[in-house]
file input22.csv (CSV, C-alpha atoms)
chain,number,residue,atom,x,y,z
I,8,MET,CA,-7.8,-21.6,-20.0
I,9,LEU,CA,-10.4,-18.8,-20.2
I,10,LEU,CA,-7.7,-16.2,-21.2
I,11,GLY,CA,-5.6,-17.1,-24.1
I,12,ARG,CA,-1.9,-17.7,-23.9
I,13,ALA,CA,-1.1,-14.8,-26.3
I,14,ALA,CA,-2.9,-12.4,-24.1
I,15,LEU,CA,-1.0,-13.6,-21.0
I,16,TYR,CA,2.3,-13.3,-22.8
I,17,PHE,CA,1.4,-9.9,-24.1
I,18,ASP,CA,0.6,-8.7,-20.6
I,19,GLU,CA,3.9,-9.9,-19.3
I,20,VAL,CA,5.9,-8.3,-22.0
I,21,ALA,CA,4.1,-5.0,-21.4
I,22,ARG,CA,4.9,-5.2,-17.7
I,23,ARG,CA,8.6,-6.1,-18.2
I,24,GLY,CA,9.3,-4.0,-21.3
I,25,ALA,CA,11.5,-6.8,-22.9
I,26,LEU,CA,10.9,-10.2,-24.4
I,27,ARG,CA,13.7,-11.9,-22.4
I,28,ARG,CA,12.6,-10.5,-19.0
I,29,ALA,CA,9.0,-11.6,-19.7
I,30,ALA,CA,10.3,-15.1,-20.8
I,31,ASP,CA,12.3,-15.4,-17.6
I,32,VAL,CA,9.2,-14.7,-15.5
I,33,LEU,CA,7.1,-17.1,-17.7
I,34,HIS,CA,9.8,-19.8,-17.7
I,35,ILE,CA,9.7,-20.3,-21.4
I,36,ALA,CA,12.0,-19.4,-24.4
I,37,PRO,CA,11.9,-15.8,-25.6
I,38,SER,CA,11.2,-17.0,-29.1
I,39,ALA,CA,8.0,-18.6,-27.9
I,40,VAL,CA,6.9,-15.3,-26.4
I,41,ASP,CA,7.8,-13.4,-29.5
I,42,ARG,CA,5.9,-15.9,-31.7
I,43,GLN,CA,2.7,-15.4,-29.7
I,44,ILE,CA,3.0,-11.6,-29.9
I,45,ILE,CA,3.5,-11.8,-33.6
I,46,GLN,CA,0.5,-14.0,-34.1
I,47,LEU,CA,-1.6,-11.6,-32.0
I,48,GLU,CA,-0.4,-8.7,-34.1
I,49,GLU,CA,-1.3,-10.6,-37.3
I,50,GLU,CA,-4.7,-11.4,-35.9
I,51,LEU,CA,-5.4,-7.7,-35.0
I,52,GLY,CA,-3.8,-6.4,-38.1
I,53,THR,CA,-1.6,-3.9,-36.3
I,54,GLN,CA,1.7,-3.6,-34.4
I,55,LEU,CA,1.4,-3.8,-30.6
I,56,PHE,CA,5.0,-3.1,-29.8
I,57,GLU,CA,7.9,-1.1,-31.2
I,58,ARG,CA,10.9,-3.3,-31.1
I,59,THR,CA,13.9,-1.2,-30.1
I,60,PRO,CA,17.5,-2.0,-29.1
I,61,THR,CA,16.5,-1.3,-25.4
I,62,GLY,CA,13.3,-3.3,-25.3
I,63,MET,CA,9.7,-3.4,-26.3
I,64,LYS,CA,7.7,-0.2,-26.3
I,65,MET,CA,3.9,-0.4,-26.6
I,66,THR,CA,2.2,1.4,-29.5
I,67,ALA,CA,-1.1,3.2,-29.2
I,68,ALA,CA,-2.9,0.0,-30.2
I,69,GLY,CA,-0.9,-1.9,-27.5
I,70,GLU,CA,-2.0,0.6,-24.9
I,71,LEU,CA,-5.6,0.0,-25.8
I,72,LEU,CA,-5.3,-3.7,-25.7
I,73,ILE,CA,-3.4,-3.9,-22.4
I,74,ASP,CA,-6.2,-2.0,-20.6
I,75,GLY,CA,-8.7,-4.6,-21.9
I,76,VAL,CA,-6.5,-7.6,-21.1
I,77,ARG,CA,-5.9,-6.5,-17.5
I,78,ARG,CA,-9.6,-5.7,-17.1
I,79,TRP,CA,-10.5,-9.2,-18.4
I,80,ARG,CA,-8.0,-10.8,-16.0
I,81,ARG,CA,-9.5,-8.9,-13.0
I,82,ASP,CA,-13.0,-9.9,-14.1
I,83,LEU,CA,-12.0,-13.5,-14.5
I,84,GLN,CA,-10.4,-13.6,-11.1
I,85,ARG,CA,-13.6,-12.1,-9.6
I,86,ILE,CA,-15.8,-14.6,-11.4
I,87,ARG,CA,-13.7,-17.5,-10.3
I,88,SER,CA,-13.9,-16.3,-6.7
I,89,GLU,CA,-17.7,-15.9,-7.0
I,90,ILE,CA,-18.0,-19.5,-8.4
I,91,ASP,CA,-15.8,-20.8,-5.6
I,92,ASN,CA,-18.1,-19.0,-3.2
I,93,LEU,CA,-21.2,-20.6,-4.7
I,94,VAL,CA,-19.7,-24.1,-4.1
I,95,GLY,CA,-18.7,-23.3,-0.6
I,96,LEU,CA,-15.0,-22.7,-1.2
I,97,ARG,CA,-13.0,-19.7,0.1
I,98,ARG,CA,-10.0,-19.6,-2.2
I,99,GLY,CA,-8.5,-17.2,-4.6
I,100,SER,CA,-5.9,-14.4,-4.3
I,101,VAL,CA,-5.8,-10.8,-3.3
I,102,ALA,CA,-3.2,-8.1,-4.3
I,103,MET,CA,-2.6,-5.7,-1.5
I,104,GLY,CA,-0.6,-2.5,-1.3
I,105,LEU,CA,0.3,-0.8,2.0
I,106,VAL,CA,2.5,1.9,3.5
I,107,GLU,CA,5.4,0.9,5.6
I,108,GLY,CA,3.8,2.2,8.8
I,109,ALA,CA,0.9,-0.2,8.4
I,110,THR,CA,3.0,-3.4,8.2
I,111,GLU,CA,2.5,-4.4,11.8
I,112,PHE,CA,-1.3,-3.8,11.7
I,113,THR,CA,-1.5,-5.6,8.4
I,114,ALA,CA,0.6,-8.6,9.5
I,115,LEU,CA,-1.7,-9.0,12.6
I,116,ALA,CA,-4.8,-8.8,10.6
I,117,ILE,CA,-3.6,-11.2,7.9
I,118,ALA,CA,-2.5,-13.8,10.4
I,119,MET,CA,-6.0,-13.9,11.8
I,120,PHE,CA,-7.6,-13.8,8.4
I,121,GLN,CA,-5.4,-16.6,7.1
I,122,ARG,CA,-6.5,-18.9,9.9
I,123,ARG,CA,-10.1,-18.4,8.9
I,124,TYR,CA,-9.5,-18.6,5.1
I,125,PRO,CA,-6.3,-20.7,4.6
I,126,ALA,CA,-6.8,-21.2,0.9
I,127,ILE,CA,-6.7,-17.5,0.0
I,128,GLN,CA,-3.3,-16.3,-1.2
I,129,PHE,CA,-1.8,-12.8,-1.1
I,130,ARG,CA,0.6,-10.7,-3.1
I,131,MET,CA,1.7,-7.8,-0.9
I,132,GLU,CA,3.8,-4.8,-1.8
I,133,VAL,CA,4.9,-1.8,0.2
I,134,PHE,CA,4.6,1.7,-1.4
I,135,GLY,CA,4.6,5.3,-0.4
I,136,ALA,CA,1.2,6.7,0.5
I,137,GLN,CA,0.6,8.0,-3.1
I,138,GLY,CA,1.9,4.8,-4.6
I,139,VAL,CA,-0.8,2.9,-2.8
I,140,ILE,CA,-3.4,5.2,-4.4
I,141,ASP,CA,-1.9,5.0,-7.8
I,142,ASN,CA,-1.8,1.2,-7.8
I,143,VAL,CA,-5.3,0.9,-6.6
I,144,LEU,CA,-6.5,3.1,-9.4
I,145,SER,CA,-4.5,1.3,-12.0
I,146,GLY,CA,-5.9,-2.0,-10.9
I,147,ASP,CA,-2.5,-3.5,-10.0
I,148,ILE,CA,-3.7,-4.0,-6.5
I,149,ASP,CA,-7.2,-4.8,-5.1
I,150,VAL,CA,-7.0,-3.3,-1.6
I,151,GLY,CA,-4.8,-0.6,-0.3
I,152,ILE,CA,-3.9,0.6,3.2
I,153,THR,CA,-2.5,4.1,3.3
I,154,PHE,CA,-2.1,7.2,5.4
I,155,ASN,CA,-4.1,10.4,4.8
I,156,PRO,CA,-5.6,9.5,1.4
I,157,PRO,CA,-6.7,12.4,-0.9
I,158,ASP,CA,-10.3,13.4,-1.2
I,159,ASN,CA,-10.8,11.7,-4.6
I,160,PRO,CA,-14.2,10.5,-5.9
I,161,THR,CA,-12.4,7.6,-7.7
I,162,ILE,CA,-11.2,6.2,-4.4
I,163,ARG,CA,-13.5,4.4,-2.0
I,164,LEU,CA,-12.6,4.7,1.7
I,165,ASP,CA,-13.8,1.5,3.3
I,166,ARG,CA,-12.7,2.3,6.8
I,167,THR,CA,-10.5,4.9,8.5
I,168,MET,CA,-8.7,5.0,11.8
I,169,ILE,CA,-7.7,8.3,13.4
I,170,TYR,CA,-4.5,8.8,15.3
I,171,ARG,CA,-3.0,11.7,17.3
I,172,LEU,CA,0.5,12.8,16.3
I,173,GLY,CA,3.4,13.0,18.7
I,174,VAL,CA,6.9,11.9,19.5
I,175,ILE,CA,8.5,8.7,20.6
I,176,VAL,CA,11.3,8.4,23.1
I,177,PRO,CA,13.1,5.5,24.9
I,178,PRO,CA,11.8,4.7,28.4
I,179,ALA,CA,15.0,6.1,30.0
I,180,HIS,CA,14.6,9.5,28.2
I,181,GLU,CA,13.8,12.6,30.4
I,182,LEU,CA,10.5,13.1,28.5
I,183,ALA,CA,9.3,9.5,29.1
I,184,GLY,CA,7.3,10.4,32.2
I,185,ARG,CA,5.4,13.2,30.5
I,186,GLN,CA,1.7,12.8,29.4
I,187,GLU,CA,2.1,15.0,26.3
I,188,ILE,CA,4.4,17.6,24.8
I,189,SER,CA,4.1,20.8,22.8
I,190,LEU,CA,5.7,21.5,19.4
I,191,SER,CA,7.7,24.4,20.9
I,192,GLU,CA,9.2,22.1,23.5
I,193,CYS,CA,10.1,19.6,20.8
I,194,ALA,CA,12.2,22.3,19.1
I,195,SER,CA,14.8,22.1,21.9
I,196,TYR,CA,15.5,18.4,21.3
I,197,PRO,CA,17.4,16.7,18.4
I,198,LEU,CA,14.6,15.5,16.2
I,199,ILE,CA,14.4,12.5,13.9
I,200,ILE,CA,11.7,13.3,11.3
I,201,PRO,CA,10.1,11.6,8.2
I,202,SER,CA,11.5,12.5,4.8
I,203,ASP,CA,9.3,14.4,2.3
I,204,ASN,CA,8.2,11.2,0.6
I,205,LEU,CA,6.3,10.1,3.8
I,206,SER,CA,2.8,11.6,4.2
I,207,LEU,CA,3.5,12.3,7.8
I,208,ARG,CA,6.0,14.9,6.9
I,209,ARG,CA,3.4,17.2,5.4
I,210,VAL,CA,1.4,17.0,8.6
I,211,LEU,CA,4.5,17.9,10.6
I,212,ASP,CA,5.5,20.8,8.4
I,213,THR,CA,2.0,22.3,8.6
I,214,ALA,CA,1.8,22.0,12.3
I,215,TRP,CA,5.3,23.3,12.8
I,216,GLY,CA,4.7,26.3,10.7
I,217,ARG,CA,1.5,27.1,12.5
I,218,HIS,CA,2.8,26.7,16.1
I,219,VAL,CA,6.5,27.3,15.9
I,220,GLY,CA,7.2,29.0,12.6
I,221,GLY,CA,9.5,28.0,9.7
I,222,SER,CA,10.4,24.4,9.2
I,223,PRO,CA,11.6,21.8,11.7
I,224,ARG,CA,15.3,21.4,12.1
I,225,ALA,CA,16.3,17.8,12.4
I,226,ILE,CA,19.4,15.8,13.3
I,227,VAL,CA,18.1,13.0,11.0
I,228,GLU,CA,15.6,12.9,8.1
I,229,ALA,CA,14.7,9.3,7.2
I,230,ASN,CA,12.4,7.8,4.6
I,231,SER,CA,11.8,4.7,6.7
I,232,ILE,CA,9.6,4.4,9.7
I,233,GLY,CA,11.6,1.4,10.9
I,234,LEU,CA,14.8,3.4,10.8
I,235,ILE,CA,13.2,6.3,12.7
I,236,LYS,CA,12.2,3.8,15.4
I,237,SER,CA,15.6,2.2,15.5
I,238,LEU,CA,17.5,5.5,15.8
I,239,THR,CA,15.1,6.6,18.5
I,240,ILE,CA,15.6,3.4,20.6
I,241,ARG,CA,19.4,4.0,20.3
I,242,GLY,CA,19.1,7.5,21.7
I,243,VAL,CA,20.0,9.4,18.6
I,244,GLY,CA,17.1,11.8,19.0
I,245,VAL,CA,13.4,12.2,19.5
I,246,GLY,CA,11.3,10.5,16.8
I,247,TRP,CA,8.3,12.0,15.1
I,248,LEU,CA,5.6,9.4,14.5
I,249,THR,CA,2.1,8.3,15.5
I,250,ALA,CA,1.5,5.8,18.2
I,251,PHE,CA,0.2,3.5,15.4
I,252,ASP,CA,3.6,3.5,13.8
I,253,ALA,CA,5.2,1.9,16.8
I,254,ILE,CA,2.6,-0.4,18.2
I,255,SER,CA,4.9,-3.4,18.9
I,256,GLU,CA,7.7,-1.2,20.4
I,257,ILE,CA,5.3,0.7,22.7
I,258,GLU,CA,3.6,-2.5,23.9
I,259,ALA,CA,7.0,-4.1,24.5
I,260,GLY,CA,8.1,-1.1,26.5
I,261,ALA,CA,11.0,-0.2,24.1
I,262,LEU,CA,9.4,3.2,23.3
I,263,VAL,CA,7.1,5.7,24.9
I,264,PHE,CA,4.7,7.8,22.9
I,265,LEU,CA,3.9,11.4,23.9
I,266,PRO,CA,0.9,13.0,22.0
I,267,LEU,CA,1.1,16.6,21.1
I,268,SER,CA,-0.7,19.1,23.4
I,269,ASP,CA,-1.1,21.8,20.7
I,270,GLU,CA,-4.6,22.5,19.5
I,271,ARG,CA,-5.5,22.6,15.8
I,272,VAL,CA,-2.8,20.0,14.9
I,273,ASP,CA,-4.1,17.8,12.0
I,274,LEU,CA,-4.9,14.3,12.9
I,275,SER,CA,-3.3,11.4,11.0
I,276,THR,CA,-5.6,8.8,9.4
I,277,LEU,CA,-5.0,5.3,8.2
I,278,SER,CA,-7.6,4.1,5.6
I,279,ILE,CA,-8.5,0.9,3.8
I,280,VAL,CA,-9.0,2.0,0.2
I,281,SER,CA,-10.2,0.4,-3.0
I,282,ALA,CA,-11.3,1.7,-6.4
I,283,ALA,CA,-14.7,3.3,-6.5
I,284,GLY,CA,-17.1,1.6,-9.0
I,285,ARG,CA,-14.9,-1.6,-9.4
I,286,THR,CA,-16.5,-4.9,-8.4
I,287,LEU,CA,-14.1,-6.7,-6.0
I,288,SER,CA,-13.5,-10.4,-5.9
I,289,VAL,CA,-15.0,-12.4,-3.0
I,290,PRO,CA,-11.6,-12.8,-1.3
I,291,ALA,CA,-10.9,-9.1,-1.6
I,292,SER,CA,-14.3,-8.2,-0.2
I,293,LEU,CA,-13.8,-10.7,2.7
I,294,LEU,CA,-10.4,-9.1,3.4
I,295,ILE,CA,-11.8,-5.6,3.5
I,296,GLN,CA,-14.5,-6.8,6.0
I,297,HIS,CA,-11.9,-8.4,8.2
I,298,LEU,CA,-9.5,-5.3,8.1
I,299,SER,CA,-12.5,-3.1,9.0
I,300,GLN,CA,-13.4,-5.3,11.9
I,301,THR,CA,-9.8,-5.3,13.1
I,302,MET,CA,-9.8,-1.5,13.0
I,303,ASP,CA,-13.0,-1.4,14.9
I,304,GLU,CA,-11.4,-3.5,17.7
I,305,HIS,CA,-8.2,-1.4,17.8
I,306,GLY,CA,-9.4,1.0,20.5
I,307,VAL,CA,-9.0,4.3,18.5
I,308,PRO,CA,-11.6,6.4,16.7
I,309,VAL,CA,-12.9,4.8,13.5
I,310,ILE,CA,-15.0,6.4,10.7
call {"tool": "encode", "arguments": {"input": "input22.csv", "output": "structure tokens"}}
result
Amino acid sequence: MLLGRAALYFDEVARRGALRRAADVLHIAPSAVDRQIIQLEEELGTQLFERTPTGMKMTAAGELLIDGVRRWRRDLQRIRSEIDNLVGLRRGSVAMGLVEGATEFTALAIAMFQRRYPAIQFRMEVFGAQGVIDNVLSGDIDVGITFNPPDNPTIRLDRTMIYRLGVIVPPAHELAGRQEISLSECASYPLIIPSDNLSLRRVLDTAWGRHVGGSPRAIVEANSIGLIKSLTIRGVGVGWLTAFDAISEIEAGALVFLPLSDERVDLSTLSIVSAAGRTLSVPASLLIQHLSQTMDEHGVPVI
């Protein structure tokens, strides 16, 4: 009610790039969406979209308007949450973005959070590490959980866990009884390593070049942490991950983690991030507090 129908329809067309796709999401006729866009253009006295055979492309005026509309929507959501808080309610919604390696930690934290605040709803999406940052900055998500975030003044680090790097092996593997392992020793085993699009790969490449030389040679490169774990469990090779990436498998005894013994190997961090200077809704603030507390209780260094 507080945000006009035309603005909502305009936002959806901008997201989808086509009238029909926007109409499908909104569950109304494309003609109704188009009519609202035309009325909005008439009211503003300018074209908001270029109508092309392949879809709707925003004009410069459209780009200006969409930024305002999305900012208004975020502000309205925050205000509603604050009003709910004043009357003793804990409802609303939170948009979260996370890296694949944080899914187990996040699921555990959300399960506990949901029992405390059952009326809060979530939209959760998995991205690469940089994708989480990009979506936090664009305002598409409120809270992000990502590995090794960049040193960027526009990003607020609400809490960070620090993890040692190492390898994972099945419990029957010859290395399973070891307490730690060096990178040079790893070179003699078939390795399963993260692909370039995972932030952990950059850490591996740096450490390998420093202690072994050149680049690691792998039997498998995978862009999925879940796939790395599955291949390792099945004996394909030695997986390169952090203990955090395989919490459930390590606790269940399906995998054993061996930290690296090499000095001067960069540590891996998992951070809760949000946009600096942006006022968060009450549900988003409550969630960050809960995630931070969960990190504090996790038994690893936290900053």
call {"tool": "closest_residue", "arguments": {"input": "input22.csv", "among": "I:Asp269, I:Asp147, I:Glu132, I:Asp158", "to": "Cys193 in chain I", "atoms": "all atoms listed in the file"}}
result
I:Asp269
call {"tool": "atom_distance", "arguments": {"input": "input22.csv", "atom1": "CA of Glu111 in chain I", "atom2": "CA of Arg130 in chain I"}}
result
16.3 Å
call {"tool": "atom_distance", "arguments": {"input": "input22.csv", "atom1": "CA of Leu144 in chain I", "atom2": "CA of Leu105 in chain I"}}
result
13.8 Å
call {"tool": "residues_around", "arguments": {"input": "input22.csv", "residues": "range 298-305 of chain I", "least_positions_apart": "6", "cutoff": "12 Å", "atoms": "all atoms listed in the file", "output": "VMD selection string"}}
result
chain I and resid 103 109 112 to 120 150 to 152 164 to 170 251 254 276 to 280 291 to 292
call {"tool": "atom_distance", "arguments": {"input": "input22.csv", "atom1": "CA of Ala136 in chain I", "atom2": "CA of Pro223 in chain I"}}
result
21.5 Å
call {"tool": "residues_around", "arguments": {"input": "input22.csv", "residues": "range 12-23 of chain I", "least_positions_apart": "5", "cutoff": "12 Å", "atoms": "only C-alpha atoms", "output": "PyMOL selection string"}}
result
chain I and resi 28-50+55-58+61-66+69-80+147
call {"tool": "residues_around", "arguments": {"input": "input22.csv", "residues": "Pro177 in chain I", "least_positions_apart": "3", "cutoff": "10 Å", "atoms": "all atoms listed in the file", "output": "MDAnalysis selection string"}}
result
chainID I and resid 180:183 236 239:242 244:246 256:257 260:264
call {"tool": "closest_residue", "arguments": {"input": "input22.csv", "among": "I:Ser288, I:Ser281, I:Thr153, I:Gln84", "to": "Val139 in chain I", "atoms": "all atoms listed in the file"}}
result
I:Thr153
call {"tool": "closest_residue", "arguments": {"input": "input22.csv", "among": "I:Leu205, I:Ser191, I:Val176, I:Asp212", "to": "Ser237 in chain I", "atoms": "all atoms listed in the file"}}
result
I:Val176
call {"tool": "closest_residue", "arguments": {"input": "input22.csv", "among": "I:Pro178, I:Gly184, I:Ser222, I:Ile162", "to": "Asn142 in chain I", "atoms": "all atoms listed in the file"}}
result
I:Ile162
call {"tool": "residues_around", "arguments": {"input": "input22.csv", "residues": "Thr213 in chain I", "least_positions_apart": "2", "cutoff": "12 Å", "atoms": "all atoms listed in the file", "output": "number ranges by chain"}}
result
I: 190, 206-211, 215-223, 271-274
call {"tool": "closest_residue", "arguments": {"input": "input22.csv", "among": "I:Trp247, I:Gly99, I:Ala179, I:Ala68", "to": "Pro197 in chain I", "atoms": "only C-alpha atoms"}}
result
I:Trp247
call {"tool": "decode", "arguments": {"input": "input22.csv", "residues": "range 154-183 of chain I", "atoms": "N, CA and C atoms", "output": "CSV table (one decimal), in the first residue's frame"}}
result
chain,number,residue,atom,x,y,z
I,154,PHE,N,33.8,-16.1,2.3
I,154,PHE,CA,35.1,-16.4,2.7
I,154,PHE,C,36.0,-15.3,2.2
I,155,ASN,N,37.0,-14.9,3.0
I,155,ASN,CA,38.1,-14.0,2.7
I,155,ASN,C,37.6,-12.8,2.0
I,156,PRO,N,36.7,-12.0,2.6
I,156,PRO,CA,36.2,-10.8,2.0
I,156,PRO,C,37.3,-9.8,1.7
I,157,PRO,N,37.2,-8.9,0.7
I,157,PRO,CA,38.2,-7.9,0.4
I,157,PRO,C,38.2,-6.8,1.5
I,158,ASP,N,39.4,-6.1,1.6
I,158,ASP,CA,39.5,-5.0,2.4
I,158,ASP,C,38.8,-3.8,1.7
I,159,ASN,N,37.6,-3.5,2.0
I,159,ASN,CA,36.8,-2.5,1.3
I,159,ASN,C,36.0,-1.7,2.2
I,160,PRO,N,36.2,-0.4,2.2
I,160,PRO,CA,35.5,0.5,3.2
I,160,PRO,C,34.0,0.5,3.1
I,161,THR,N,33.4,0.0,1.9
I,161,THR,CA,32.0,0.0,1.8
I,161,THR,C,31.4,-1.3,2.3
I,162,ILE,N,32.2,-2.2,2.8
I,162,ILE,CA,31.8,-3.5,3.4
I,162,ILE,C,32.0,-3.5,4.9
I,163,ARG,N,31.0,-3.8,5.7
I,163,ARG,CA,31.2,-3.9,7.1
I,163,ARG,C,31.3,-5.4,7.5
I,164,LEU,N,32.4,-5.7,8.2
I,164,LEU,CA,32.6,-7.0,8.7
I,164,LEU,C,32.1,-7.1,10.1
I,165,ASP,N,30.9,-7.8,10.2
I,165,ASP,CA,30.3,-7.9,11.5
I,165,ASP,C,30.9,-8.9,12.5
I,166,ARG,N,31.4,-10.0,11.9
I,166,ARG,CA,32.2,-11.0,12.7
I,166,ARG,C,32.9,-11.9,11.7
I,167,THR,N,34.1,-12.4,12.2
I,167,THR,CA,34.9,-13.2,11.3
I,167,THR,C,35.5,-14.4,12.1
I,168,MET,N,35.4,-15.6,11.5
I,168,MET,CA,36.0,-16.8,12.1
I,168,MET,C,37.3,-17.1,11.3
I,169,ILE,N,38.3,-17.6,12.0
I,169,ILE,CA,39.6,-17.9,11.3
I,169,ILE,C,39.8,-19.4,11.3
I,170,TYR,N,40.2,-19.9,10.1
I,170,TYR,CA,40.4,-21.4,10.0
I,170,TYR,C,41.7,-21.7,9.4
I,171,ARG,N,42.4,-22.7,9.9
I,171,ARG,CA,43.6,-23.2,9.3
I,171,ARG,C,43.2,-24.0,8.0
I,172,LEU,N,44.1,-24.0,7.0
I,172,LEU,CA,43.9,-24.8,5.8
I,172,LEU,C,44.5,-26.2,6.0
I,173,GLY,N,44.1,-27.1,5.1
I,173,GLY,CA,44.7,-28.4,5.2
I,173,GLY,C,44.0,-29.3,4.1
I,174,VAL,N,44.1,-30.6,4.4
I,174,VAL,CA,43.5,-31.6,3.5
I,174,VAL,C,42.5,-32.5,4.2
I,175,ILE,N,41.6,-33.1,3.5
I,175,ILE,CA,40.7,-34.1,4.0
I,175,ILE,C,40.9,-35.4,3.4
I,176,VAL,N,40.8,-36.5,4.1
I,176,VAL,CA,41.0,-37.8,3.6
I,176,VAL,C,40.0,-38.7,4.3
I,177,PRO,N,39.6,-39.9,3.7
I,177,PRO,CA,38.8,-40.8,4.4
I,177,PRO,C,39.5,-41.4,5.6
I,178,PRO,N,38.8,-42.0,6.6
I,178,PRO,CA,39.4,-42.5,7.8
I,178,PRO,C,40.3,-43.7,7.5
I,179,ALA,N,40.1,-44.4,6.4
I,179,ALA,CA,40.9,-45.6,6.0
I,179,ALA,C,42.2,-45.2,5.3
I,180,HIS,N,42.3,-43.9,4.9
I,180,HIS,CA,43.5,-43.4,4.1
I,180,HIS,C,44.8,-43.5,5.0
I,181,GLU,N,45.9,-43.7,4.3
I,181,GLU,CA,47.2,-43.9,5.1
I,181,GLU,C,47.6,-42.6,5.8
I,182,LEU,N,47.0,-41.5,5.4
I,182,LEU,CA,47.4,-40.2,6.1
I,182,LEU,C,46.4,-40.0,7.3
I,183,ALA,N,45.4,-40.7,7.5
I,183,ALA,CA,44.4,-40.4,8.5
I,183,ALA,C,44.9,-40.4,9.9
